[in-house]
Each structure stands twice: as C-alpha cells, then as structure tokens.
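Q: Data file model_1.cif (mmCIF, C-alpha atoms (C1' of nucleotides)) is appended below.
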data_start
loop_
_atom_site.label_atom_id
_atom_site.label_comp_id
_atom_site.auth_asym_id
_atom_site.auth_seq_id
_atom_site.Cartn_x
_atom_site.Cartn_y
_atom_site.Cartn_z
CA MET A 1 -14.70 45.67 -14.90
CA ASN A 2 -11.48 45.69 -12.86
CA ILE A 3 -10.36 42.98 -10.47
CA GLY A 4 -11.63 44.94 -7.46
CA GLN A 5 -15.17 45.04 -8.75
CA ALA A 6 -15.01 41.40 -9.79
CA ALA A 7 -13.87 40.58 -6.26
CA ASP A 8 -16.75 42.55 -4.73
CA GLN A 9 -19.33 40.98 -7.00
CA SER A 10 -18.08 37.41 -6.63
CA GLY A 11 -17.01 37.39 -3.00
CA VAL A 12 -13.58 36.09 -4.03
CA SER A 13 -10.73 38.37 -2.96
CA ALA A 14 -8.59 39.98 -5.67
CA LYS A 15 -5.67 38.11 -4.20
CA MET A 16 -7.38 34.78 -4.68
CA ILE A 17 -8.57 35.64 -8.19
CA ARG A 18 -4.95 36.16 -9.22
CA TYR A 19 -4.00 32.94 -7.46
CA TYR A 20 -6.72 30.94 -9.21
CA GLU A 21 -5.48 32.34 -12.49
CA GLN A 22 -1.91 31.42 -11.64
CA ILE A 23 -2.72 27.79 -10.87
CA GLY A 24 -4.86 27.52 -13.98
CA LEU A 25 -8.25 27.19 -12.29
CA ILE A 26 -9.52 30.13 -14.32
CA SER A 27 -8.20 31.39 -17.63
CA PRO A 28 -6.25 34.64 -17.91
CA PRO A 29 -8.63 37.54 -18.63
CA HIS A 30 -8.15 40.26 -21.18
CA ARG A 31 -5.90 43.14 -20.19
CA THR A 32 -6.21 46.85 -20.82
CA ASP A 33 -3.36 48.75 -22.46
CA SER A 34 -2.10 49.52 -18.99
CA ASN A 35 -2.07 45.83 -18.13
CA TYR A 36 -5.15 45.83 -15.89
CA ARG A 37 -7.19 42.63 -15.82
CA VAL A 38 -10.68 43.06 -17.26
CA TYR A 39 -13.61 40.86 -16.24
CA GLY A 40 -17.15 40.47 -17.53
CA GLU A 41 -20.31 38.86 -16.17
CA ASP A 42 -19.27 35.38 -17.31
CA GLU A 43 -16.04 35.49 -15.39
CA VAL A 44 -17.84 36.72 -12.28
CA HIS A 45 -20.27 33.85 -12.66
CA VAL A 46 -17.38 31.40 -12.74
CA LEU A 47 -15.87 33.02 -9.65
CA ARG A 48 -19.14 32.71 -7.80
CA PHE A 49 -19.30 29.04 -8.77
CA ILE A 50 -15.82 28.56 -7.35
CA ARG A 51 -16.65 30.41 -4.18
CA ARG A 52 -19.76 28.32 -3.58
CA ALA A 53 -17.85 25.09 -4.14
CA ARG A 54 -15.14 26.18 -1.72
CA THR A 55 -17.77 27.14 0.84
CA LEU A 56 -19.10 23.60 0.57
CA GLY A 57 -15.65 22.33 1.44
CA PHE A 58 -14.53 21.11 -1.97
CA SER A 59 -10.79 21.42 -2.51
CA VAL A 60 -9.52 23.62 -5.29
CA GLU A 61 -8.75 20.48 -7.27
CA GLU A 62 -12.27 19.09 -6.83
CA THR A 63 -13.60 22.52 -7.72
CA ALA A 64 -11.61 22.40 -10.96
CA THR A 65 -13.26 19.10 -11.84
CA LEU A 66 -16.73 20.39 -11.02
CA LEU A 67 -16.03 23.49 -13.06
CA ALA A 68 -15.00 21.41 -16.05
CA LEU A 69 -18.16 19.31 -15.69
CA TRP A 70 -20.25 22.45 -15.39
CA GLN A 71 -18.84 23.80 -18.60
CA ASP A 72 -19.27 20.48 -20.39
CA LYS A 73 -22.84 20.59 -21.59
CA THR A 74 -22.86 16.85 -22.35
CA ARG A 75 -21.62 15.64 -18.98
CA ALA A 76 -23.47 12.96 -17.09
CA SER A 77 -24.94 14.08 -13.77
CA GLY A 78 -23.78 10.77 -12.31
CA GLU A 79 -20.18 11.96 -12.41
CA VAL A 80 -21.02 15.03 -10.40
CA LYS A 81 -23.04 13.02 -7.93
CA ASP A 82 -20.10 10.67 -7.42
CA ILE A 83 -17.80 13.55 -6.58
CA ALA A 84 -20.38 14.99 -4.19
CA ASN A 85 -20.91 11.63 -2.52
CA SER A 86 -17.26 10.93 -2.00
CA HIS A 87 -16.87 14.42 -0.62
CA ILE A 88 -19.75 13.80 1.78
CA LYS A 89 -17.99 10.65 2.89
CA ALA A 90 -14.73 12.51 3.52
CA LEU A 91 -16.56 15.17 5.50
CA GLU A 92 -18.30 12.55 7.59
CA THR A 93 -15.01 10.84 8.34
CA LYS A 94 -13.58 14.14 9.49
CA ILE A 95 -16.65 14.82 11.62
CA ALA A 96 -16.38 11.41 13.27
CA GLU A 97 -12.74 12.08 14.02
CA LEU A 98 -13.49 15.42 15.64
CA GLU A 99 -16.36 13.92 17.59
CA GLY A 100 -14.01 11.30 18.98
CA MET A 101 -11.73 14.04 20.22
CA VAL A 102 -14.62 15.95 21.76
CA LYS A 103 -15.90 12.88 23.52
CA THR A 104 -12.54 12.11 25.07
CA LEU A 105 -11.94 15.71 26.06
CA LYS A 106 -15.38 16.10 27.58
CA HIS A 107 -14.84 13.03 29.67
CA LEU A 108 -11.49 14.32 30.87
CA ALA A 109 -12.80 17.81 31.54
CA HIS A 110 -15.71 16.34 33.46
CA CYS A 111 -13.30 14.41 35.69
CA CYS A 112 -11.16 17.50 36.30
CA HIS A 113 -12.31 19.52 39.30
CA GLY A 114 -10.91 22.65 37.67
CA ASP A 115 -9.97 24.60 40.76
CA THR A 116 -6.65 25.77 42.17
CA ARG A 117 -5.45 22.31 43.10
CA PRO A 118 -2.61 20.99 40.93
CA ASP A 119 -4.11 17.53 40.55
CA CYS A 120 -5.44 17.26 36.98
CA PRO A 121 -6.81 14.20 35.18
CA ILE A 122 -6.45 15.88 31.79
CA LEU A 123 -2.69 16.21 32.13
CA ASP A 124 -2.49 12.74 33.65
CA ASP A 125 -4.16 11.37 30.55
CA LEU A 126 -1.86 13.25 28.22
CA ALA A 127 1.09 11.95 30.17
CA GLY A 128 -0.21 8.41 29.76
CA GLU A 129 -0.78 7.85 33.46
CA ARG A 130 -3.98 5.86 33.33
CA HIS A 131 -5.35 5.16 36.82
CA MET B 1 19.05 6.09 22.67
CA ASN B 2 19.18 7.57 19.17
CA ILE B 3 16.44 9.58 17.50
CA GLY B 4 15.16 6.54 15.60
CA GLN B 5 14.51 4.58 18.78
CA ALA B 6 12.96 7.62 20.43
CA ALA B 7 10.69 7.96 17.40
CA ASP B 8 9.65 4.30 17.59
CA GLN B 9 8.98 4.45 21.30
CA SER B 10 7.06 7.71 21.25
CA GLY B 11 5.21 7.43 17.98
CA VAL B 12 6.57 10.81 16.90
CA SER B 13 8.58 10.66 13.67
CA ALA B 14 12.26 11.56 13.77
CA LYS B 15 11.46 14.33 11.38
CA MET B 16 8.94 15.84 13.77
CA ILE B 17 11.20 15.43 16.79
CA ARG B 18 13.78 17.59 15.07
CA TYR B 19 11.06 20.05 14.11
CA TYR B 20 9.74 20.27 17.68
CA GLU B 21 13.26 20.93 18.84
CA GLN B 22 13.74 23.62 16.21
CA ILE B 23 10.58 25.52 17.19
CA GLY B 24 11.44 25.24 20.85
CA LEU B 25 8.66 22.89 21.90
CA ILE B 26 11.25 20.50 23.34
CA SER B 27 14.72 21.32 24.53
CA PRO B 28 17.82 20.26 22.58
CA PRO B 29 19.03 16.86 23.79
CA HIS B 30 22.59 15.90 24.54
CA ARG B 31 24.74 14.94 21.60
CA THR B 32 27.33 12.21 21.20
CA ASP B 33 30.83 13.05 20.00
CA SER B 34 29.65 12.35 16.49
CA ASN B 35 26.79 14.83 16.92
CA TYR B 36 24.01 12.28 17.27
CA ARG B 37 21.06 13.30 19.43
CA VAL B 38 20.68 11.19 22.56
CA TYR B 39 17.35 10.67 24.33
CA GLY B 40 16.36 9.09 27.62
CA GLU B 41 13.08 7.89 29.10
CA ASP B 42 12.09 11.37 30.24
CA GLU B 43 12.38 12.80 26.76
CA VAL B 44 10.36 9.93 25.33
CA HIS B 45 7.72 10.57 27.97
CA VAL B 46 7.51 14.20 26.86
CA LEU B 47 7.23 13.12 23.23
CA ARG B 48 4.38 10.79 24.07
CA PHE B 49 2.64 13.63 25.89
CA ILE B 50 2.98 15.78 22.80
CA ARG B 51 1.74 13.03 20.52
CA ARG B 52 -1.33 12.43 22.65
CA ALA B 53 -2.14 16.15 22.75
CA ARG B 54 -1.78 16.41 18.96
CA THR B 55 -4.00 13.36 18.52
CA LEU B 56 -6.65 15.14 20.54
CA GLY B 57 -6.44 18.03 18.10
CA PHE B 58 -4.53 20.53 20.23
CA SER B 59 -2.34 22.80 18.13
CA VAL B 60 1.38 22.77 18.71
CA GLU B 61 1.02 26.08 20.50
CA GLU B 62 -1.69 24.75 22.82
CA THR B 63 0.43 21.67 23.35
CA ALA B 64 3.31 23.88 24.45
CA THR B 65 1.06 25.51 27.05
CA LEU B 66 -0.21 22.15 28.30
CA LEU B 67 3.36 20.88 28.46
CA ALA B 68 4.43 23.87 30.55
CA LEU B 69 1.48 23.30 32.87
CA TRP B 70 2.29 19.62 33.12
CA GLN B 71 5.83 20.41 34.15
CA ASP B 72 4.70 23.06 36.64
CA LYS B 73 3.92 21.05 39.75
CA THR B 74 2.07 23.98 41.34
CA ARG B 75 -0.28 24.70 38.44
CA ALA B 76 -3.98 25.01 39.02
CA SER B 77 -6.07 22.36 37.27
CA GLY B 78 -8.54 25.12 36.40
CA GLU B 79 -6.11 26.52 33.88
CA VAL B 80 -5.85 23.21 32.10
CA LYS B 81 -9.59 22.73 32.16
CA ASP B 82 -10.07 26.15 30.57
CA ILE B 83 -7.78 25.25 27.71
CA ALA B 84 -9.55 21.94 27.23
CA ASN B 85 -12.96 23.59 27.29
CA SER B 86 -12.08 26.24 24.79
CA HIS B 87 -10.61 23.54 22.58
CA ILE B 88 -13.84 21.55 22.85
CA LYS B 89 -15.73 24.65 21.81
CA ALA B 90 -13.50 25.17 18.76
CA LEU B 91 -13.92 21.53 17.78
CA GLU B 92 -17.68 21.76 18.09
CA THR B 93 -17.77 24.88 15.94
CA LYS B 94 -15.79 23.07 13.28
CA ILE B 95 -18.11 20.04 13.52
CA ALA B 96 -21.19 22.22 13.10
CA GLU B 97 -19.62 23.83 10.05
CA LEU B 98 -18.87 20.48 8.45
CA GLU B 99 -22.34 19.22 9.27
CA GLY B 100 -23.81 22.24 7.51
CA MET B 101 -21.85 21.33 4.42
CA VAL B 102 -22.91 17.69 4.61
CA LYS B 103 -26.54 18.64 5.01
CA THR B 104 -26.51 20.88 1.95
CA LEU B 105 -24.60 18.36 -0.12
CA LYS B 106 -26.87 15.50 0.87
CA HIS B 107 -29.88 17.50 -0.13
CA LEU B 108 -28.33 18.32 -3.50
CA ALA B 109 -27.17 14.77 -4.10
CA HIS B 110 -30.62 13.50 -3.18
CA CYS B 111 -32.18 15.77 -5.81
CA CYS B 112 -29.68 14.69 -8.46
CA HIS B 113 -30.84 11.67 -10.44
CA GLY B 114 -27.19 10.73 -11.04
CA ASP B 115 -27.51 9.03 -14.39
CA THR B 116 -26.21 9.86 -17.84
CA ARG B 117 -28.44 12.86 -18.36
CA PRO B 118 -26.58 16.19 -18.23
CA ASP B 119 -29.18 17.91 -16.06
CA CYS B 120 -27.67 18.26 -12.58
CA PRO B 121 -29.06 20.13 -9.55
CA ILE B 122 -25.68 20.07 -7.81
CA LEU B 123 -24.02 22.07 -10.54
CA ASP B 124 -27.08 24.30 -10.81
CA ASP B 125 -26.72 25.14 -7.14
CA LEU B 126 -23.01 25.83 -7.44
CA ALA B 127 -23.75 28.09 -10.37
CA GLY B 128 -26.29 29.96 -8.28
CA GLU B 129 -29.27 28.99 -10.39
CA ARG B 130 -31.86 28.48 -7.70
CA HIS B 131 -35.13 27.18 -9.10
"C1'" DC C 1 -2.19 71.27 -15.02
"C1'" DC C 2 -0.94 68.98 -11.01
"C1'" DT C 3 -1.66 66.62 -6.82
"C1'" DT C 4 -3.84 63.17 -4.10
"C1'" DG C 5 -5.94 59.03 -3.18
"C1'" DA C 6 -7.67 54.89 -4.73
"C1'" DC C 7 -6.84 51.67 -7.61
"C1'" DC C 8 -3.82 48.22 -10.25
"C1'" DT C 9 0.69 45.38 -11.24
"C1'" DT C 10 4.39 41.84 -9.90
"C1'" DA C 11 7.22 39.68 -6.54
"C1'" DC C 12 8.24 38.33 -2.47
"C1'" DC C 13 7.27 36.39 2.69
"C1'" DA C 14 4.38 34.09 6.13
"C1'" DC C 15 1.39 30.73 8.24
"C1'" DA C 16 0.82 25.10 10.38
"C1'" DA C 17 2.48 20.74 10.42
"C1'" DT C 18 4.28 17.30 7.93
"C1'" DG C 19 6.74 14.54 4.40
"C1'" DG C 20 10.45 13.91 0.94
"C1'" DG C 21 14.94 13.87 -0.63
"C1'" DA C 22 19.93 14.92 -1.34
"C1'" DA C 23 24.68 14.94 0.18
"C1'" DG C 24 27.51 13.55 3.44
"C1'" DG C 25 29.24 11.44 8.12
"C1'" DT C 26 28.97 7.21 11.57
"C1'" DT C 27 28.31 2.85 13.35
"C1'" DT C 28 27.67 -1.95 13.19
"C1'" DA C 29 27.79 -6.32 11.40
"C1'" DT C 30 29.40 -9.33 8.16
"C1'" DA D 1 36.93 -3.80 4.13
"C1'" DT D 2 32.59 -3.11 2.70
"C1'" DA D 3 27.66 -2.71 2.87
"C1'" DA D 4 23.53 -1.64 5.34
"C1'" DA D 5 21.38 1.08 8.37
"C1'" DC D 6 21.72 4.68 10.84
"C1'" DC D 7 22.51 9.76 11.71
"C1'" DT D 8 23.35 14.95 10.36
"C1'" DT D 9 21.91 19.48 8.04
"C1'" DC D 10 19.64 21.88 4.34
"C1'" DC D 11 16.27 22.67 1.03
"C1'" DC D 12 11.67 21.97 -1.20
"C1'" DA D 13 6.58 20.92 -1.44
"C1'" DT D 14 2.18 20.83 0.33
"C1'" DT D 15 -3.04 24.05 0.94
"C1'" DG D 16 -5.15 28.20 0.63
"C1'" DT D 17 -4.93 32.52 2.26
"C1'" DG D 18 -3.14 36.96 3.85
"C1'" DG D 19 0.35 40.63 4.04
"C1'" DT D 20 3.58 43.99 2.29
"C1'" DA D 21 6.58 46.63 -0.67
"C1'" DA D 22 7.84 49.03 -4.85
"C1'" DG D 23 6.05 50.84 -8.59
"C1'" DG D 24 2.48 52.12 -12.51
"C1'" DT D 25 -2.38 54.18 -13.60
"C1'" DC D 26 -6.52 56.61 -13.34
"C1'" DA D 27 -10.09 59.88 -11.80
"C1'" DA D 28 -11.54 63.84 -9.19
"C1'" DG D 29 -10.88 68.32 -7.54
"C1'" DG D 30 -8.13 72.62 -6.56
#
Now that the file is in, can you turn its structure into structure tokens?
A:
Amino acid sequence: MNIGQAADQSGVSAKMIRYYEQIGLISPPHRTDSNYRVYGEDEVHVLRFIRRARTLGFSVEETATLLALWQDKTRASGEVKDIANSHIKALETKIAELEGMVKTLKHLAHCCHGDTRPDCPILDDLAGERH
Amino acid sequence: MNIGQAADQSGVSAKMIRYYEQIGLISPPHRTDSNYRVYGEDEVHVLRFIRRARTLGFSVEETATLLALWQDKTRASGEVKDIANSHIKALETKIAELEGMVKTLKHLAHCCHGDTRPDCPILDDLAGERH
DNA sequence: CCTTGACCTTACCACAATGGGAAGGTTTAT
DNA sequence: ATAAACCTTCCCATTGTGGTAAGGTCAAGG
C-alpha cells in the first residue's frame, strides 16, 4: 500500500511517516520502480504503536526505546514499567506546575472586579506591586 | 546599566532580552557610543513584568497584550480578566489531557508485573492488543 | 490516446521560546 | 600592557508538526 493508505490506516500523517523514517524511528520501506514507498500490515502496526505512544505523551525518543523493547521478544517487562513510571512522574510534575499557575491566576482573577475601571489586581501582580 | 545587570535584576537572560527586543515585545534601548545597550529602572520593571507573565504560562503574544494593557492607564480591568480567564481555561484543558494520560499509564503500569518476564501489558496496549 | 485529478517524490520554510557558540570589539582592573 | 569579563552580531539546534512548491506517476474517463 502507498503512504497515503498507510497514513489513513495508522492515523499518522504521511508527513510524519516520512519524518519518522528520516530520523530513524522506522526503517525505510521498499520502493516501487517509480520510487513510491510501499507499506504492509506490519509497518502499519508499528505506526499505530508509535501513534499510541505519542498520544500517551511519550517523546519520540522514549517511543523509540519502547519500540525496541516491543520488538525484543526477550525483554524484561520491568524495563518498560520503569520507563512508564518515570514518564508518569514527569507528567505529574508538569501537572503540578500548571495547577500552581491556575491557582495563582484564579486568585488574581477573583480579586479583579473585571469591569470598565482601570484598577486591576492582575496587572498589579504582574508588575510586582504587592499590596 | 548594561544588559548583564539588567538580566540579573530582572531574571530574564541577556539572550532573551535581545530576543524580546528583536520580536518587538520591548522597545530598543539607548546605546552607548560603543553600541552597548543601556537600561534603566523602568526597563527592568518591564522585564520583570514579562518574566512574571511567562512564569504564569502566558505566551509571549499574550504577554505583549497584557503589557500594552498595563501601560494603558485607561484600560478596563475586564479586558485583563478575560485574558486571564481564557488562559485559565487553556491551562485546565491541558491539565485534564495530562491527567488522562497519567490515568491510563497508571492503570497499565499497575497491571504490569515489572519483573524479568517478557510479558508486558504496557507494550500490549501500545501495540493495540486489547485482551 | 490524451487529459485531468489525485496521488507520490524531494526540498525547502515556518512555528515558540530558549540555549549555545563563534568571531570580534570594549572596558576595567591589575 | 595584558588578561578577564564584558558586550556585539550572526548562525545553529532544539521538538514535532504543518505548509508549500516544483516536479514525477498513475488511474479513470472522454
């Protein structure tokens, strides 16, 4: 099948398939005489794996590691679990960071009367004018 | 004061100060005869404003808007509050997304025995092999 | 058979925000 | 006078994705 069909079936855009090939995440597929890339079910399966990992927030690099582990039939599941756990930790750190921002902003927005008067606690905070 | 001092006092790196100038977020400062940028208290105050806004997760573009509103003495606080509120909403969307990922990953990690056996539910999920 | 449209190819450019470094000029202190 | 610590501009890299342009290919229908 051509790259367009592979994109449709995997949910990875043709653009990204070529990119993943370029950075070595996937191996170069066979080509037709007219230089078209040709994909089979196995390749689509790999692409779906990649897409799922990306959806779960793994970086392309982490995805590469998971892919290698997936294709290594003798791997230990502990390795995979470690990657997942450290990723969970990173996500939770990010969440905490965003929640801190939300908390501060909500407080400021709550204090701001939000009408046509120029007085605004949000800007005062940004300007460092604690009061 | 030179850019290095301005960077120290504002918490914005010299590199970023030049960048903010280049994209028009701040106006070009005076220069000495030897072409050095010269900053005063006002400029540092602006830089601190920018840094605080960035820390709260506002994009540079949003920061530019907030900065303009800050410098407009007749602005309505409602405008600022609207920006803050829509930013809060965007942050909360992002948080929910990350939490979805964490939830899925925690479930998968919980199911994974994480020892030396090759059997691994995390990889099975990524591969799309629901069971 | 030839045209048209839908595909494919490579090769660029762009984004957002930041850091790094090189090559060269200036200032300050020893 | 020289060395250290600044400053200047210019270019490159990052992450992952999208866009676009110039050109080749293939299939369907007149």
Q: Applying 9 Å and all atoms listed in the file, which residues near DT26 (chain C) remain after dropping the ones on its own chain fewer than 5 positions away? List them as a ChimeraX atom specification.
A: /B:34 /D:6-7
Q: If the cut-off is 10 Å, can you tell me the residues of chain B near chain D, counting all atoms listed in the file? I'd like them as a PyMOL selection string.
A: chain B and resi 2-4+34-37
Q: Calculated over all atoms listed in the file, which of the candidates B:Ser59, B:Ser86, B:Ile122, B:Tyr39 has the smallest distance to Ala14 (chain B)?
A: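 Comparing B:Ser59, B:Ser86, B:Ile122, B:Tyr39 against Ala14 (chain B), the winner is B:Tyr39.
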Q: Do you know which residues the PyMOL selection byres ((chain C) within 12 of (chain B)) returns on this file, as a list of chain:residue names?
A: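 Given this file, the PyMOL selection byres ((chain C) within 12 of (chain B)) evaluates to C:DA16, C:DA17, C:DT18, C:DG19, C:DG20, C:DG25, C:DT26, C:DT27.
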Q: Leaving out Gln71 (chain B) and any residue of its chain fewer than 6 positions from it, which residues lie within 12 Å of it when counting all atoms listed in the file, given as a list in words?
A: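 Final neighbour list, sorted by chain and number: Pro118, Leu123, Asp124 and Ala127 of chain A; Asp42, His45, Val46, Phe49, Ala64 and Thr65 of chain B.
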Q: Rounded to one decimal, what separation in Å do you get between CA of Ser77 (chain B) and CA of Ile26 (chain B)?
A: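 Separating CA of Ser77 (chain B) from CA of Ile26 (chain B) is a distance of 22.3 Å.
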Q: Using all atoms listed in the file, which chain B residues lie at most 7 Å away from chain A, written as a VMD selection string?
A: chain B and resid 49 52 to 53 56 to 57 70 73 to 78 81 84 88 91 95 98 101 to 102 105 109 112 114 to 120 123 126 to 127
Q: What's the separation between CA of Asp8 (chain B) and CA of Glu129 (chain A), in Å to one decimal place?
A: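 Between CA of Asp8 (chain B) and CA of Glu129 (chain A) the gap works out to 19.3 Å.
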Q: Of the candidates A:Thr93, A:Glu43, A:Glu62, A:Arg18, which shows the shortest atom-to-atom distance to Ala6 (chain A), using all atoms listed in the file?
A: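 Comparing A:Thr93, A:Glu43, A:Glu62, A:Arg18 against Ala6 (chain A), the winner is A:Glu43.
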Q: What is the CA of Ala7 (chain B)-CA of Val44 (chain B) distance in Å, reported with one decimal?
A: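 Between these atoms lies a distance of 8.2 Å.
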